[in-house]
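Peer 1: So that we are looking at the same thing, I have put the structure below in structure tokens.
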Amino acid sequence: MTFVDAGIRSTRLRWVAALWCAGALFDASQAVLILHAEGKHRTWPKLFGTQLVSWLPWALATPFIITLARRYPIVRGAILRRAAVHVAAFVAVSAMAEGWSALLQVLFNPWDNRRAPTFVDTWRTSLLYQILTFLIVYVLILTVTWVVDSREKVARQISETARLNEALSRAQLTALRQQIEPHFLF
């Protein structure tokens, strides 16, 4: 890996981190606004922090999902096998992320439930409510990866085309010079 590749990779990881921070801030702010609308004002820092940190597993899994998206693109021919890989990854990441979220809710009780939530009930209920959001997030990661890779592929093709056109122009110029030189000798 060259310094340029390492720099590009570092920049991409910063973008991934920034996007996840923005999404987590949005989700945490939304949860606090819901709490505020319900008239509960005293526990918002705990809820904000819990909701913010609950997206950490998705942020950490994003490079893994990007790698899977590149290694197992969903294209004609091997759709079933490749889709199965993505479904398995989606289920694993979703279960892990919701397990983390349930653990945070059991430890901190950010919604101030009168009865402390149990891990299994919280995990099951939260997963049921979050599964569509998680599916959208997974598909969005796949889509963004595909779009970025497609843009890079097109840029490489344009660069290669320009390089080949330049080489062709040089070859034509050299051929013209060789045709003209014998005429000047006589």
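For the structure tokens, the naming scheme is as follows: chains receive sequential letters (A, B, ...) according to their order of presentation, residues are indexed from 1 within each chain, and ligands are indexed from 1 in presentation order.
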If you run DSSP on this backbone, which residues of chain A come out as alpha helix (DSSP H), and could you give them as number ranges by chain?
Peer 2: A: 3-37, 44-53, 56-71, 79-108, 119-185
Peer 1: Taking only C-alpha atoms into account, produce a table as a tab-separated table in which each residue of region 79-141 of chain A with an atom at most 10 Å from an atom of region 45-48 of chain A appears once, together with its shortest atom pair and the distance in Å to one decimal, ordered by chain and rising number.
Peer 2:
```
residue	atom	partner	partner_atom	distance
A:Leu104	CA	A:Leu47	CA	9.9
A:Gln105	CA	A:Leu47	CA	9.0
A:Phe108	CA	A:Lys46	CA	7.3
A:Asn109	CA	A:Leu47	CA	8.2
A:Pro110	CA	A:Leu47	CA	4.5
A:Trp111	CA	A:Leu47	CA	6.6
A:Asp112	CA	A:Leu47	CA	9.0
```
Peer 1: Take the residues just selected and output them with C-alpha atoms as a PDB file, in the first residue's frame.
Peer 2:
```pdb
ATOM      1  CA  LEU A 104     -27.102   0.262  27.173  1.00  0.00           C
ATOM      2  CA  GLN A 105     -30.827   0.504  27.908  1.00  0.00           C
ATOM      3  CA  PHE A 108     -28.772   3.194  32.058  1.00  0.00           C
ATOM      4  CA  ASN A 109     -32.599   3.012  31.679  1.00  0.00           C
ATOM      5  CA  PRO A 110     -32.539   6.208  29.571  1.00  0.00           C
ATOM      6  CA  TRP A 111     -36.321   6.318  29.086  1.00  0.00           C
ATOM      7  CA  ASP A 112     -36.835   6.255  32.863  1.00  0.00           C
TER       8      ASP A 112
END
```
Peer 1: Tell me which of A:Gln178, A:Thr118, A:Ser159, A:Ser10 sits closest to Pro63 (chain A), counting only C-alpha atoms.
Peer 2: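 Using only C-alpha atoms, the shortest distance to Pro63 (chain A) belongs to A:Ser10.
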Peer 1: With only C-alpha atoms as the basis for distance, which of A:Ser101, A:Ser169, A:Thr67, A:Thr174 is at the shortest distance from His86 (chain A)?
Peer 2: A:Thr67
Peer 1: What does the distance from CA of Leu132 (chain A) to CA of Tyr72 (chain A) come to in Å, to one decimal?
Peer 2: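 About the pair CA of Leu132 (chain A) and CA of Tyr72 (chain A): they are 22.4 Å apart.
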Peer 1: Neighbours of region 90-93 of chain A within 12 Å (only C-alpha atoms; same-chain residues fewer than 2 positions away dropped), as JSON, numbers by chain?
Peer 2: {"A": [55, 56, 57, 58, 59, 60, 61, 62, 64, 65, 68, 69, 83, 84, 85, 86, 87, 88, 95, 96, 97, 98, 99, 100, 127, 131, 132, 133, 134, 135, 136, 137, 138, 139, 141, 142]}
Peer 1: Would you pick out the contacts of Ser29 (chain A) at 10 Å or less, using only C-alpha atoms, so that residues sharing its chain but fewer than 2 positions from it are not included, and give the list as a list in words?
Peer 2: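 Selected residues are Gly23, Ala24, Leu25, Phe26, Asp27, Ala31, Val32, Leu33, Ile34, Leu35, Trp44, Leu47, Phe48, Gly49, Gln51 and Leu52 of chain A.
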Peer 1: Check the smallest atom-to-atom distance from each of A:Leu176, A:Leu164, A:Leu103, A:Val148 to Arg70 (chain A) using only C-alpha atoms, then report the winner.
Peer 2: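 Of A:Leu176, A:Leu164, A:Leu103, A:Val148, the one nearest Arg70 (chain A) is A:Val148, counting only C-alpha atoms.
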Peer 1: Expressed in Å to a single decimal, how great is the separation between CA of Leu13 (chain A) and CA of Thr145 (chain A)?
Peer 2: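 Here the two named atoms are 12.6 Å from each other.
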